[in-house]
>>> print(open('run_13.cif').read())   # mmCIF, C-alpha atoms and all ligand atoms
data_final
#
loop_
_atom_site.label_atom_id
_atom_site.label_comp_id
_atom_site.auth_asym_id
_atom_site.auth_seq_id
_atom_site.Cartn_x
_atom_site.Cartn_y
_atom_site.Cartn_z
CA MET A 37 -90.36 -10.11 -20.73
CA GLY A 38 -86.62 -9.72 -20.93
CA CYS A 39 -84.43 -6.79 -19.88
CA ASP A 40 -85.96 -6.49 -16.39
CA GLY A 41 -82.72 -7.59 -14.82
CA GLY A 42 -83.84 -11.13 -14.06
CA THR A 43 -84.49 -12.84 -17.39
CA ILE A 44 -82.68 -13.14 -20.68
CA PRO A 45 -84.76 -11.93 -23.65
CA LYS A 46 -85.74 -14.70 -26.03
CA ARG A 47 -84.74 -14.48 -29.68
CA HIS A 48 -88.25 -13.78 -30.99
CA GLU A 49 -88.52 -10.80 -28.63
CA LEU A 50 -85.34 -9.33 -30.01
CA VAL A 51 -86.19 -9.80 -33.70
CA LYS A 52 -89.80 -8.63 -33.44
CA GLY A 53 -89.07 -5.15 -34.86
CA PRO A 54 -87.33 -6.02 -38.12
CA LYS A 55 -89.82 -8.82 -38.81
CA LYS A 56 -92.72 -6.34 -38.93
CA VAL A 57 -90.90 -4.10 -41.40
CA GLU A 58 -90.30 -7.07 -43.65
CA LYS A 59 -94.03 -7.81 -43.70
CA VAL A 60 -94.92 -4.26 -44.75
CA ASP A 61 -92.38 -4.41 -47.56
CA LYS A 62 -93.83 -7.69 -48.73
CA ASN A 63 -97.34 -6.20 -48.87
CA ALA A 64 -96.07 -3.25 -50.87
CA GLU A 65 -94.24 -5.61 -53.19
CA LEU A 66 -97.40 -7.65 -53.73
CA ALA A 67 -99.49 -4.54 -54.39
CA ALA A 68 -96.84 -3.28 -56.84
CA LYS A 69 -97.30 -6.38 -59.02
CA TRP A 70 -100.80 -5.11 -59.78
CA LYS A 71 -99.70 -1.53 -60.46
CA TYR A 72 -96.48 -1.84 -62.47
CA CYS A 73 -95.49 -3.44 -65.77
CA ALA A 74 -93.48 -6.64 -65.14
CA LEU A 75 -91.14 -5.73 -68.00
CA SER A 76 -90.57 -1.95 -67.96
CA GLN A 77 -91.47 -1.42 -64.26
CA GLU A 78 -93.52 1.58 -65.39
CA LYS A 79 -97.04 2.22 -64.12
CA LEU A 80 -99.61 0.02 -65.81
CA ARG A 81 -101.79 1.89 -68.27
CA ARG A 82 -104.10 0.72 -71.03
CA PRO A 83 -103.63 -1.22 -73.25
CA ILE A 84 -102.55 -3.79 -70.67
CA VAL A 85 -101.65 -7.37 -71.61
CA ALA A 86 -100.98 -10.56 -69.63
CA CYS A 87 -98.63 -13.41 -70.46
CA GLU A 88 -99.32 -17.12 -70.18
CA LEU A 89 -97.78 -17.07 -66.70
CA GLY A 90 -100.29 -14.45 -65.52
CA ARG A 91 -97.98 -11.42 -65.29
CA LEU A 92 -99.17 -7.93 -66.25
CA TYR A 93 -97.47 -5.67 -68.80
CA ASN A 94 -97.99 -2.48 -70.72
CA LYS A 95 -98.54 -3.44 -74.35
CA ASP A 96 -96.17 -0.66 -75.47
CA ALA A 97 -93.37 -2.14 -73.39
CA ILE A 98 -93.85 -5.57 -75.00
CA ILE A 99 -93.87 -4.13 -78.52
CA GLU A 100 -90.78 -2.04 -77.81
CA TYR A 101 -89.05 -5.08 -76.38
CA LEU A 102 -89.85 -7.26 -79.38
CA LEU A 103 -88.69 -4.59 -81.83
CA ASP A 104 -85.45 -3.93 -79.96
CA LYS A 105 -82.87 -6.09 -81.67
CA SER A 106 -79.91 -4.87 -79.63
CA ALA A 107 -78.15 -7.56 -77.66
CA GLU A 108 -78.49 -5.91 -74.26
CA ARG A 109 -82.19 -6.16 -73.53
CA PRO A 110 -83.44 -5.98 -69.95
CA ASN A 111 -84.77 -9.09 -68.20
CA ALA A 112 -84.10 -11.23 -71.28
CA GLU A 113 -84.28 -14.44 -69.23
CA ALA A 114 -87.46 -13.54 -67.39
CA VAL A 115 -89.44 -12.51 -70.45
CA ALA A 116 -88.39 -15.10 -73.02
CA HIS A 117 -92.04 -16.20 -73.19
CA ILE A 118 -93.79 -12.86 -73.76
CA ARG A 119 -94.78 -13.58 -77.36
CA GLY A 120 -97.88 -15.37 -76.12
CA THR A 121 -99.51 -12.34 -74.48
CA ARG A 122 -103.19 -11.47 -74.56
CA GLU A 123 -104.66 -7.97 -74.40
CA LEU A 124 -106.88 -7.68 -71.33
CA ASN A 125 -110.43 -6.44 -71.20
CA LEU A 126 -110.45 -4.71 -67.79
CA THR A 127 -113.27 -3.02 -65.88
CA ASP A 128 -112.46 0.44 -64.43
CA ASN A 129 -112.86 0.98 -60.69
CA PRO A 130 -115.20 3.99 -60.27
CA GLU A 131 -113.53 4.67 -56.88
CA TRP A 132 -110.09 5.05 -58.44
CA GLU A 133 -108.90 8.64 -58.28
CA GLY A 134 -105.31 8.20 -59.38
CA GLU A 135 -102.62 10.28 -57.76
CA ARG A 136 -103.69 12.66 -55.01
CA ARG A 137 -101.90 15.39 -53.09
CA ASN A 138 -101.67 15.59 -49.33
CA ALA A 139 -101.91 18.83 -47.28
CA LYS A 140 -98.25 19.62 -47.99
CA GLY A 141 -98.84 19.27 -51.72
CA ASP A 142 -96.82 16.07 -52.07
CA ARG A 143 -98.14 13.56 -54.53
CA TYR A 144 -99.18 10.23 -53.13
CA GLU A 145 -101.16 7.25 -54.26
CA ASP A 146 -103.13 4.73 -52.25
CA ILE A 147 -101.24 1.59 -53.24
CA HIS A 148 -104.10 -0.60 -52.00
CA CYS A 149 -106.77 1.06 -54.13
CA GLY A 150 -107.09 -0.92 -57.35
CA MET A 151 -107.47 0.71 -60.76
CA PHE A 152 -109.78 -2.09 -61.87
CA ILE A 153 -112.58 -4.18 -60.41
CA CYS A 154 -114.35 -7.46 -61.07
CA PRO A 155 -117.35 -6.66 -63.29
CA VAL A 156 -119.46 -9.37 -61.60
CA VAL A 157 -118.92 -8.98 -57.83
CA GLY A 158 -117.16 -5.58 -57.71
CA LEU A 159 -114.01 -6.73 -55.84
CA GLU A 160 -111.00 -4.45 -56.33
CA MET A 161 -108.02 -5.76 -58.26
CA ASN A 162 -105.48 -4.59 -55.68
CA GLY A 163 -103.60 -7.77 -54.82
CA LYS A 164 -105.86 -8.76 -51.93
CA HIS A 165 -108.14 -10.97 -54.01
CA ARG A 166 -107.39 -13.61 -56.60
CA PHE A 167 -108.08 -12.53 -60.17
CA CYS A 168 -108.01 -14.47 -63.42
CA TYR A 169 -108.23 -13.71 -67.12
CA LEU A 170 -109.73 -15.75 -69.91
CA GLN A 171 -107.21 -16.60 -72.61
CA THR A 172 -109.98 -16.75 -75.18
CA CYS A 173 -111.31 -13.16 -74.89
CA GLY A 174 -108.98 -11.44 -72.40
CA CYS A 175 -111.78 -10.49 -69.98
CA VAL A 176 -110.72 -10.26 -66.32
CA PHE A 177 -112.73 -11.50 -63.33
CA SER A 178 -112.24 -12.19 -59.65
CA ASP A 179 -111.77 -15.83 -58.82
CA ARG A 180 -114.85 -15.56 -56.61
CA ALA A 181 -117.05 -14.57 -59.55
CA LEU A 182 -115.78 -17.46 -61.68
CA LYS A 183 -116.43 -19.92 -58.84
CA GLU A 184 -119.80 -18.56 -57.73
CA VAL A 185 -121.35 -18.13 -61.14
CA LYS A 186 -120.44 -21.35 -62.97
CA THR A 187 -120.70 -20.73 -66.68
CA GLU A 188 -119.03 -21.52 -69.97
CA ILE A 189 -119.94 -18.15 -71.45
CA CYS A 190 -117.88 -15.07 -70.54
CA HIS A 191 -119.82 -12.82 -68.12
CA LYS A 192 -118.52 -9.70 -69.83
CA CYS A 193 -118.43 -10.33 -73.59
CA GLY A 194 -120.41 -13.54 -74.04
CA ASP A 195 -117.61 -15.56 -75.72
CA PRO A 196 -117.51 -19.27 -74.87
CA PHE A 197 -114.57 -20.54 -72.78
CA LYS A 198 -113.37 -23.71 -71.04
CA ASP A 199 -111.76 -24.23 -67.63
CA GLU A 200 -108.31 -24.55 -69.19
CA ASP A 201 -108.64 -21.03 -70.66
CA ILE A 202 -108.65 -19.51 -67.15
CA ILE A 203 -105.24 -18.09 -66.18
CA VAL A 204 -104.65 -16.80 -62.66
CA LEU A 205 -103.04 -13.33 -62.53
CA ASN A 206 -99.97 -12.89 -60.31
CA GLY A 207 -100.50 -16.35 -58.85
CA THR A 208 -98.42 -18.14 -56.22
CA LYS A 209 -95.07 -19.71 -57.14
CA GLU A 210 -96.79 -23.13 -57.41
CA GLU A 211 -99.47 -21.73 -59.71
CA VAL A 212 -96.88 -20.05 -61.92
CA ASP A 213 -94.90 -23.32 -62.09
CA LYS A 214 -98.05 -25.09 -63.26
CA LEU A 215 -98.75 -22.41 -65.86
CA ARG A 216 -95.18 -22.69 -67.11
CA GLU A 217 -95.59 -26.46 -67.47
CA LYS A 218 -98.82 -25.94 -69.41
CA MET A 219 -97.16 -23.34 -71.64
CA GLU A 220 -94.19 -25.59 -72.39
CA GLU A 221 -96.49 -28.50 -73.18
CA LYS A 222 -98.45 -26.33 -75.58
CA ARG A 223 -95.27 -25.15 -77.32
CA ALA A 224 -93.88 -28.66 -77.56
CA LYS A 225 -97.11 -29.67 -79.27
CA ALA A 226 -96.86 -26.73 -81.67
CA LYS A 227 -93.27 -27.73 -82.41
CA THR A 228 -94.34 -31.30 -83.22
CA LYS A 229 -96.87 -29.92 -85.65
CA VAL A 230 -94.22 -27.80 -87.35
CA GLY A 231 -92.06 -30.92 -87.44
CA PHE A 232 -94.70 -32.73 -89.44
CA ASN A 233 -94.94 -29.80 -91.78
CA TYR A 234 -91.27 -29.47 -92.48
CA ASP A 235 -89.73 -32.84 -91.88
CA MET A 236 -91.67 -34.83 -94.45
CA GLU A 237 -88.56 -36.58 -95.75
CA THR A 238 -87.68 -38.18 -92.43
CA PHE A 239 -91.30 -38.88 -91.77
CA SER A 240 -91.83 -40.63 -95.10
CA GLN A 241 -88.88 -42.92 -94.38
CA LEU A 242 -90.75 -44.17 -91.37
CA HIS A 243 -94.06 -44.34 -93.18
CA PRO A 244 -93.38 -44.17 -96.94
CA CYS A 245 -97.03 -44.49 -97.81
CA LEU A 246 -97.82 -41.24 -95.99
CA LEU A 247 -96.34 -39.26 -98.85
CA HIS A 248 -99.13 -40.60 -101.03
CA TYR A 249 -101.81 -40.38 -98.37
CA PRO A 250 -101.21 -37.06 -96.59
CA GLN A 251 -104.75 -37.16 -95.26
CA TRP A 252 -103.48 -39.77 -92.75
CA LEU A 253 -101.23 -37.19 -91.15
CA PRO A 254 -102.22 -35.58 -87.88
CA GLN A 255 -103.83 -32.16 -88.17
CA PRO A 256 -102.72 -29.66 -89.34
CA SER A 257 -101.63 -31.56 -92.43
CA PRO A 258 -98.78 -30.23 -94.62
CA LEU A 259 -101.41 -28.99 -97.02
CA GLN A 260 -102.66 -26.45 -94.49
CA PRO A 261 -101.01 -23.12 -93.80
CA VAL A 262 -98.50 -23.29 -90.97
CA THR A 263 -98.55 -19.64 -89.90
CA GLN A 264 -100.72 -20.39 -86.89
CA THR A 265 -98.34 -22.92 -85.38
CA LEU A 266 -95.32 -20.77 -86.18
CA LEU A 267 -96.68 -17.86 -84.16
CA TRP A 268 -95.48 -19.53 -80.99
CA PHE A 269 -91.82 -18.95 -81.77
ZN ZN B 301 -114.94 -12.07 -72.37
#
>>> encode(input="run_13.cif", output="structure tokens")
Amino acid sequence: MGCDGGTIPKRHELVKGPKKVEKVDKNAELAAKWKYCALSQEKLRRPIVACELGRLYNKDAIIEYLLDKSAERPNAEAVAHIRGTRELNLTDNPEWEGERRNAKGDRYEDIHCGMFICPVVGLEMNGKHRFCYLQTCGCVFSDRALKEVKTEICHKCGDPFKDEDIIVLNGTKEEVDKLREKMEEKRAKAKTKVGFNYDMETFSQLHPCLLHYPQWLPQPSPLQPVTQTLLWF
């Protein structure tokens, strides 16, 4: 050890204190992602939705944000993608007691007690375990449940789903990057479809016969309604 008169303290001995504090803050920050809306920073309360990047929001906050046409909207950069949100079907944690009061009467809340649990294995959704939602039905499960009980039918509501419908909630930076890539790919595809719908003139110059044989066009053809593909914008 340093400071005994004979040795010089090493750097890691000197910085030990602050490092520990940083770790606690990081844990609290992680836990907060599961408790607070990523847009309004208010406490999460039903109805709760998730975006394609796996972030959690209050549905009210999203609606308010989309209706607000004023130029100065908060986090405009960070939430440019929130149109593709899905309402979540969450399972309440019977242990959750909400805010409590200590002996002095101050309100406090156990930040590590999750409001929701996995309906299959009972793990708490408190940031300590990986959780995912199904884009098809919005049901939420722990990653462990999805891995242990391999199925293509939702454990909670019985809707069919595929592996690509599973979105990790509050994933790592790498996972979010992957989800963003997937989202952009999906939107680019939707854009191409809209292009076929609206840019028939250019398209027919390349393939004049297509104007007479629209059934050769990729689906959805111009004869089908385009509302579904337009929803992505
Ligand atoms: Zn489901």
>>> closest_residue(input="run_13.cif", among="A:Ala67, A:Val212, A:Ala181, A:Leu89", to="A:Asn162", atoms="all atoms listed in the file")
A:Ala67
>>> atom_distance(input="run_13.cif", atom1="atom CA of A:Ile118", atom2="atom CA of A:Met161")
22.2 Å
>>> closest_atom_pairs(input="run_13.cif", of="chain A", to="ligand ZN 301 (chain B)", cutoff="7 Å", atoms="only C-alpha atoms and all ligand atoms", output="tab-separated table")
residue	atom	partner	partner_atom	distance
A:Leu170	CA	B:ZN301	ZN	6.8
A:Cys173	CA	B:ZN301	ZN	4.6
A:Gly174	CA	B:ZN301	ZN	6.0
A:Cys175	CA	B:ZN301	ZN	4.3
A:Cys190	CA	B:ZN301	ZN	4.6
A:His191	CA	B:ZN301	ZN	6.5
A:Lys192	CA	B:ZN301	ZN	5.0
A:Cys193	CA	B:ZN301	ZN	4.1
A:Gly194	CA	B:ZN301	ZN	5.9
A:Asp195	CA	B:ZN301	ZN	5.5
>>> residues_near_point(input="run_13.cif", point="(-108.9, 1.7, -61.1)", cutoff="9 Å", atoms="all atoms listed in the file", output="short mmCIF file (atom, residue, chain, number, x, y, z; two decimals) with C-alpha atoms, in the coordinates of the input")
data_model
loop_
_atom_site.label_atom_id
_atom_site.label_comp_id
_atom_site.auth_asym_id
_atom_site.auth_seq_id
_atom_site.Cartn_x
_atom_site.Cartn_y
_atom_site.Cartn_z
CA THR A 127 -113.27 -3.02 -65.88
CA ASP A 128 -112.46 0.44 -64.43
CA ASN A 129 -112.86 0.98 -60.69
CA PRO A 130 -115.20 3.99 -60.27
CA GLU A 131 -113.53 4.67 -56.88
CA TRP A 132 -110.09 5.05 -58.44
CA GLU A 133 -108.90 8.64 -58.28
CA GLY A 134 -105.31 8.20 -59.38
CA CYS A 149 -106.77 1.06 -54.13
CA GLY A 150 -107.09 -0.92 -57.35
CA MET A 151 -107.47 0.71 -60.76
CA PHE A 152 -109.78 -2.09 -61.87
CA ILE A 153 -112.58 -4.18 -60.41
CA GLU A 160 -111.00 -4.45 -56.33
CA MET A 161 -108.02 -5.76 -58.26
CA ASN A 162 -105.48 -4.59 -55.68
#
>>> closest_residue(input="run_13.cif", among="A:Ala68, A:Leu205, A:Thr172, A:Glu217", to="A:Ile189", atoms="only C-alpha atoms")
A:Thr172
>>> atom_distance(input="run_13.cif", atom1="atom CA of A:Lys186", atom2="atom CA of A:Leu159")
17.5 Å
>>> residues_around(input="run_13.cif", residues="A:Leu182", least_positions_apart="6", cutoff="10 Å", atoms="only C-alpha atoms", output="list of chain:residue names")
A:Val156, A:Val157, A:Phe167, A:Cys168, A:Val176, A:Glu188, A:Cys190, A:His191, A:Asp199, A:Ile202
>>> residues_around(input="run_13.cif", residues="A:Ile99", least_positions_apart="6", cutoff="12 Å", atoms="all atoms listed in the file", output="JSON list (two decimals) with C-alpha atoms, in the frame of the given file")
[["chain", "number", "residue", "atom", "x", "y", "z"],
["A", 75, "LEU", "CA", -91.14, -5.73, -68.00],
["A", 76, "SER", "CA", -90.57, -1.95, -67.96],
["A", 83, "PRO", "CA", -103.63, -1.22, -73.25],
["A", 84, "ILE", "CA", -102.55, -3.79, -70.67],
["A", 85, "VAL", "CA", -101.65, -7.37, -71.61],
["A", 93, "TYR", "CA", -97.47, -5.67, -68.80],
["A", 105, "LYS", "CA", -82.87, -6.09, -81.67],
["A", 118, "ILE", "CA", -93.79, -12.86, -73.76],
["A", 119, "ARG", "CA", -94.78, -13.58, -77.36],
["A", 121, "THR", "CA", -99.51, -12.34, -74.48]]
